[in-house]
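See below for target-v6.txt, which holds compact mmCIF, C-alpha atoms.
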# COMPACT_ATOMS: atom_id res chain seq x y z
CA MET A 93 38.59 220.43 119.85
CA THR A 94 36.90 217.06 120.26
CA SER A 95 39.24 214.39 121.60
CA LEU A 96 39.61 211.08 119.85
CA PRO A 97 38.01 207.95 121.36
CA LYS A 98 40.31 205.80 123.45
CA LEU A 99 41.96 202.98 121.54
CA ALA A 100 41.48 199.43 122.80
CA LEU A 101 43.27 196.24 121.77
CA VAL A 102 41.74 192.82 122.46
CA THR A 103 43.87 189.72 121.85
CA GLY A 104 41.94 186.71 120.65
CA GLY A 105 39.33 189.33 119.93
CA THR A 106 37.36 187.86 117.02
CA ARG A 107 35.79 184.75 118.58
CA GLY A 108 34.02 183.71 121.78
CA ILE A 109 34.56 185.92 124.82
CA GLY A 110 37.03 188.06 122.87
CA ALA A 111 34.47 188.82 120.15
CA ALA A 112 31.94 189.87 122.78
CA ILE A 113 34.52 192.17 124.40
CA SER A 114 35.50 193.74 121.08
CA THR A 115 31.87 194.26 120.09
CA ALA A 116 30.93 195.77 123.45
CA LEU A 117 33.88 198.17 123.32
CA LYS A 118 32.95 199.26 119.80
CA ALA A 119 29.33 199.82 120.83
CA ALA A 120 30.50 201.89 123.81
CA GLY A 121 32.34 204.29 121.50
CA TYR A 122 35.93 203.03 121.74
CA ASP A 123 38.17 202.53 118.73
CA VAL A 124 38.90 198.81 118.74
CA ALA A 125 41.61 196.59 117.30
CA ALA A 126 41.15 192.84 117.57
CA ASN A 127 44.11 190.50 117.31
CA TYR A 128 43.68 186.95 116.01
CA ALA A 129 45.94 184.05 115.13
CA THR A 130 45.28 182.22 111.86
CA ASN A 131 41.57 182.02 110.99
CA HIS A 132 41.57 184.79 108.40
CA LYS A 133 38.16 183.96 106.94
CA ALA A 134 36.38 184.15 110.28
CA ALA A 135 38.30 187.27 111.33
CA HIS A 136 37.48 189.20 108.18
CA ALA A 137 33.82 188.17 108.41
CA PHE A 138 33.85 189.53 111.97
CA GLU A 139 35.48 192.76 110.79
CA LYS A 140 32.88 193.23 108.06
CA GLN A 141 30.00 192.53 110.44
CA THR A 142 31.15 194.69 113.36
CA GLY A 143 33.49 197.35 111.97
CA VAL A 144 36.20 196.22 114.40
CA ALA A 145 39.64 196.34 112.75
CA VAL A 146 41.43 192.98 112.85
CA PHE A 147 45.17 192.30 112.99
CA PRO A 148 46.78 188.85 112.67
CA TRP A 149 49.88 187.85 114.58
CA ASP A 150 51.16 185.17 116.93
CA VAL A 151 50.96 186.58 120.46
CA CYS A 152 53.56 184.01 121.57
CA SER A 153 56.17 185.85 119.49
CA PHE A 154 57.63 189.09 120.85
CA PRO A 155 58.86 190.34 117.42
CA GLU A 156 55.45 189.64 115.86
CA THR A 157 53.76 191.41 118.77
CA GLU A 158 55.96 194.47 118.33
CA ALA A 159 55.19 194.55 114.62
CA GLY A 160 51.46 193.99 115.14
CA ILE A 161 51.15 196.81 117.66
CA ALA A 162 53.13 199.10 115.36
CA LYS A 163 50.57 198.44 112.61
CA ILE A 164 47.73 199.29 114.98
CA GLU A 165 49.44 202.52 116.04
CA GLU A 166 50.02 203.40 112.39
CA LYS A 167 46.39 202.77 111.44
CA PHE A 168 44.89 204.73 114.33
CA GLY A 169 47.63 207.32 114.67
CA ARG A 170 48.20 206.89 118.40
CA PRO A 171 49.24 204.38 121.08
CA VAL A 172 46.91 201.85 122.67
CA ASP A 173 45.04 203.12 125.75
CA ILE A 174 43.31 199.89 126.77
CA LEU A 175 44.64 196.34 126.54
CA VAL A 176 42.60 193.20 127.12
CA ASN A 177 44.78 190.09 127.24
CA ASN A 178 42.22 187.49 126.24
CA ALA A 179 44.12 185.14 123.90
CA GLY A 180 44.10 181.58 125.20
CA ILE A 181 44.11 177.91 124.26
CA THR A 182 43.73 174.55 125.99
CA ARG A 183 45.66 171.33 125.48
CA ASP A 184 43.99 169.18 128.11
CA GLY A 185 45.17 165.83 129.37
CA ALA A 186 46.17 164.05 132.54
CA PHE A 187 49.58 165.27 133.69
CA HIS A 188 51.29 161.87 133.44
CA LYS A 189 50.43 161.92 129.73
CA MET A 190 51.06 165.62 129.09
CA THR A 191 53.78 166.36 126.55
CA GLU A 192 56.31 169.16 126.69
CA ALA A 193 54.62 170.63 123.61
CA ASP A 194 51.24 170.62 125.41
CA TRP A 195 52.82 172.50 128.30
CA ASP A 196 54.79 175.00 126.21
CA SER A 197 51.97 175.92 123.83
CA VAL A 198 49.51 176.65 126.64
CA LEU A 199 51.99 178.59 128.78
CA ASP A 200 53.16 180.58 125.77
CA THR A 201 49.70 181.49 124.47
CA ASN A 202 48.06 182.19 127.81
CA LEU A 203 50.90 183.66 129.89
CA ARG A 204 53.87 184.63 127.74
CA SER A 205 51.48 186.62 125.57
CA CYS A 206 50.70 188.83 128.58
CA PHE A 207 54.39 189.65 128.89
CA ASN A 208 54.74 190.29 125.17
CA LEU A 209 51.76 192.63 124.91
CA CYS A 210 52.37 194.47 128.17
CA ARG A 211 56.11 194.84 127.56
CA VAL A 212 55.37 196.80 124.39
CA ILE A 213 52.30 198.75 125.58
CA PHE A 214 52.79 199.31 129.32
CA PRO A 215 55.77 201.74 129.06
CA LYS A 216 53.80 203.94 126.65
CA MET A 217 50.84 203.97 129.05
CA ARG A 218 53.17 205.08 131.86
CA ASP A 219 54.65 207.82 129.69
CA LYS A 220 51.26 209.34 128.85
CA GLY A 221 49.84 208.88 132.35
CA PHE A 222 46.88 206.68 131.47
CA GLY A 223 46.24 203.03 130.77
CA ARG A 224 43.84 200.21 131.45
CA ILE A 225 44.93 196.57 131.29
CA VAL A 226 42.57 193.66 131.93
CA ASN A 227 43.85 190.07 131.89
CA VAL A 228 41.33 187.30 131.26
CA SER A 229 42.20 184.46 133.63
CA SER A 230 39.91 181.59 134.67
CA VAL A 231 38.19 179.95 137.62
CA ASN A 232 40.46 176.99 136.88
CA GLY A 233 43.49 179.17 137.57
CA GLN A 234 42.07 179.61 141.07
CA ALA A 235 40.52 176.22 141.86
CA GLY A 236 42.51 173.93 139.57
CA GLN A 237 40.99 171.33 137.28
CA PHE A 238 41.78 167.70 136.51
CA GLY A 239 43.55 167.45 133.16
CA GLN A 240 44.47 171.12 133.07
CA VAL A 241 47.76 171.42 134.93
CA ASN A 242 49.16 173.49 132.06
CA TYR A 243 46.08 175.71 131.70
CA ALA A 244 45.63 176.18 135.47
CA ALA A 245 49.30 177.09 135.87
CA ALA A 246 49.11 179.66 133.07
CA LYS A 247 45.88 181.23 134.30
CA ALA A 248 47.15 181.33 137.91
CA GLY A 249 50.32 182.97 136.61
CA MET A 250 48.22 185.69 135.01
CA LEU A 251 46.80 186.57 138.44
CA GLY A 252 50.26 187.01 139.97
CA PHE A 253 51.33 188.97 136.90
CA THR A 254 48.29 191.23 137.37
CA ARG A 255 48.94 191.99 141.03
CA ALA A 256 52.63 192.74 140.52
CA LEU A 257 52.25 194.90 137.41
CA ALA A 258 49.44 196.84 139.10
CA LEU A 259 51.95 198.05 141.69
CA GLU A 260 54.24 199.36 138.97
CA GLY A 261 51.49 201.24 137.16
CA ALA A 262 49.61 202.64 140.15
CA LYS A 263 51.30 206.03 140.42
CA LYS A 264 51.06 206.57 136.66
CA ASN A 265 47.27 206.10 136.40
CA VAL A 266 47.74 202.71 134.74
CA THR A 267 45.45 200.11 136.28
CA VAL A 268 45.94 196.37 135.86
CA ASN A 269 43.11 194.03 136.79
CA ALA A 270 41.95 190.52 136.01
CA VAL A 271 38.66 188.79 135.42
CA ALA A 272 38.33 185.09 136.19
CA PRO A 273 35.40 183.65 134.22
CA GLY A 274 33.81 180.38 135.17
CA TYR A 275 32.22 178.16 132.54
CA ILE A 276 30.90 180.42 129.78
CA ASN A 277 28.61 179.53 126.90
CA THR A 278 31.20 179.53 124.12
CA GLU A 279 32.15 177.25 121.25
CA MET A 280 34.96 175.79 123.39
CA VAL A 281 32.62 174.86 126.24
CA GLY A 282 29.99 173.68 123.78
CA ALA A 283 32.45 171.06 122.54
CA ILE A 284 32.47 169.34 125.95
CA ASP A 285 30.66 166.01 126.07
CA ALA A 286 27.01 166.65 127.03
CA ALA A 287 27.11 164.33 130.04
CA VAL A 288 30.30 165.96 131.32
CA LEU A 289 28.88 169.44 130.73
CA LYS A 290 25.80 168.55 132.77
CA THR A 291 27.97 167.60 135.75
CA ILE A 292 29.75 170.96 135.41
CA VAL A 293 26.53 172.98 135.28
CA ASP A 294 25.14 171.03 138.24
CA LYS A 295 28.03 172.41 140.34
CA ILE A 296 27.36 176.05 139.40
CA PRO A 297 25.16 177.59 142.12
CA VAL A 298 23.17 179.77 139.70
CA GLY A 299 22.41 176.65 137.64
CA ARG A 300 23.59 177.77 134.22
CA LEU A 301 26.58 178.68 132.10
CA GLY A 302 27.67 182.29 131.97
CA GLU A 303 27.19 184.38 128.85
CA VAL A 304 29.95 186.17 126.97
CA ASN A 305 28.27 189.55 127.40
CA GLU A 306 28.48 189.16 131.18
CA ILE A 307 32.26 189.08 130.87
CA ALA A 308 32.29 192.03 128.47
CA ARG A 309 30.18 194.19 130.81
CA THR A 310 32.64 193.66 133.65
CA ILE A 311 35.54 194.68 131.44
CA LEU A 312 33.71 197.83 130.34
CA PHE A 313 33.41 198.73 134.02
CA LEU A 314 37.10 198.14 134.73
CA ILE A 315 38.41 200.21 131.81
CA ALA A 316 36.34 203.31 132.52
CA ASP A 317 38.09 206.56 133.39
CA GLU A 318 36.22 206.47 136.70
CA ALA A 319 37.70 203.06 137.64
CA GLY A 320 41.13 204.46 138.49
CA PHE A 321 40.97 203.33 142.14
CA ILE A 322 40.52 199.69 141.13
CA THR A 323 43.85 197.99 140.42
CA GLY A 324 45.46 194.66 141.22
CA ALA A 325 41.99 193.14 141.64
CA THR A 326 40.48 189.93 140.33
CA PHE A 327 36.78 189.88 139.51
CA ASN A 328 35.27 186.40 139.74
CA ILE A 329 32.48 185.85 137.20
CA ASN A 330 31.52 182.25 137.81
CA GLY A 331 27.95 181.99 139.09
CA GLY A 332 29.18 181.43 142.64
CA GLN A 333 31.12 178.31 141.68
CA HIS A 334 34.37 179.30 143.34
CA ARG A 335 35.21 182.17 145.64
CA ILE A 336 38.60 183.47 146.78

Show the structure stored in the file as structure tokens.
Amino acid sequence: MTSLPKLALVTGGTRGIGAAISTALKAAGYDVAANYATNHKAAHAFEKQTGVAVFPWDVCSFPETEAGIAKIEEKFGRPVDILVNNAGITRDGAFHKMTEADWDSVLDTNLRSCFNLCRVIFPKMRDKGFGRIVNVSSVNGQAGQFGQVNYAAAKAGMLGFTRALALEGAKKNVTVNAVAPGYINTEMVGAIDAAVLKTIVDKIPVGRLGEVNEIARTILFLIADEAGFITGATFNINGGQHRI
């Protein structure tokens, strides 16, 4: 009897890096569910174009996350095998002007969401003896960035989260890794003032922005059955900009 494809869930999976990940997973033969927040029109256009099933919920909310994952399991008839925690936002500003709301929204979306998703999915991965989790952090969680104390703190927190959870999944064939992209050619980066963006690119040793498919290819490598000896690792995809 032919086994079913592995089921992957990508949060923030209908735009930017997340869309590239979802599309690459689908093309590689995985069943894919893409979570999104509120842009229903864009999400359904993505679903129609790619065949990736889309599911709306607020990843900051644990009850909504439980309900959203239950809908995915109902649709596909089985638990999630692969989780990519990609959902993220920025609320940039110098720290002395940063509001509590700016802090809370970024920490909740970027870091609390990892807890919410993993708390529901990780125990099921342990029970069945297989799982792949990849957390999408950032070069700015490693190097810091002016005006991004909230974002850098959240993305750095994801790296500690990754290393600790990897230890808990290791004996159950559940790997937990992170990727830390540098500046990638997305809509978010494209919104940066042209003069500021030039100074950023000038500091990237390879002399260009990264492409979303370069992130997706790394994630495809990490989720493979054959990648079971890689866990607790962070893969830096930043053109040589920052190395730890």

Nearest to Ala129 of chain A among A:Ile113, A:Ala179, A:Cys206, A:Val288, with distances taken over only C-alpha atoms: which residue is it?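 Of A:Ile113, A:Ala179, A:Cys206, A:Val288, the one nearest Ala129 of chain A, counting only C-alpha atoms, is A:Ala179.
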
Show me, as an mmCIF file with C-alpha atoms, in the coordinates of the input, the residues that have an atom within 12 Å of Pro215 of chain A when counting all atoms listed in the file, minus same-chain residues fewer than 2 positions from it.
data_model
loop_
_atom_site.group_PDB
_atom_site.id
_atom_site.type_symbol
_atom_site.label_atom_id
_atom_site.label_comp_id
_atom_site.auth_asym_id
_atom_site.auth_seq_id
_atom_site.Cartn_x
_atom_site.Cartn_y
_atom_site.Cartn_z
ATOM 1 C CA PRO A 171 49.240 204.380 121.080
ATOM 2 C CA VAL A 172 46.910 201.850 122.670
ATOM 3 C CA ASP A 173 45.040 203.120 125.750
ATOM 4 C CA LEU A 209 51.760 192.630 124.910
ATOM 5 C CA CYS A 210 52.370 194.470 128.170
ATOM 6 C CA ARG A 211 56.110 194.840 127.560
ATOM 7 C CA VAL A 212 55.370 196.800 124.390
ATOM 8 C CA ILE A 213 52.300 198.750 125.580
ATOM 9 C CA MET A 217 50.840 203.970 129.050
ATOM 10 C CA ARG A 218 53.170 205.080 131.860
ATOM 11 C CA ASP A 219 54.650 207.820 129.690
ATOM 12 C CA LYS A 220 51.260 209.340 128.850
ATOM 13 C CA GLY A 221 49.840 208.880 132.350
ATOM 14 C CA PHE A 222 46.880 206.680 131.470
ATOM 15 C CA GLY A 223 46.240 203.030 130.770
ATOM 16 C CA LEU A 257 52.250 194.900 137.410
ATOM 17 C CA GLU A 260 54.240 199.360 138.970
ATOM 18 C CA GLY A 261 51.490 201.240 137.160
ATOM 19 C CA LYS A 264 51.060 206.570 136.660
ATOM 20 C CA VAL A 266 47.740 202.710 134.740
#

Which neighbours of Glu165 of chain A fall inside 12 Å, counting all atoms listed in the file, when residues of the same chain fewer than 3 positions from it are skipped, and could you give them as a count of residues only? 21

Nearest-residue call for Val268 of chain A, choices A:Ala137, A:Ala244, A:Ile292, A:Ala325, using only C-alpha atoms: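 Answer, going by the shortest atom-to-atom distance: A:Ala325.
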
What does the structure give for the distance between atom CA of Glu192 of chain A and atom CA of Asn131 of chain A, in Å to one decimal?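 Value for the atom CA of Glu192 of chain A-atom CA of Asn131 of chain A distance: 25.1 Å.
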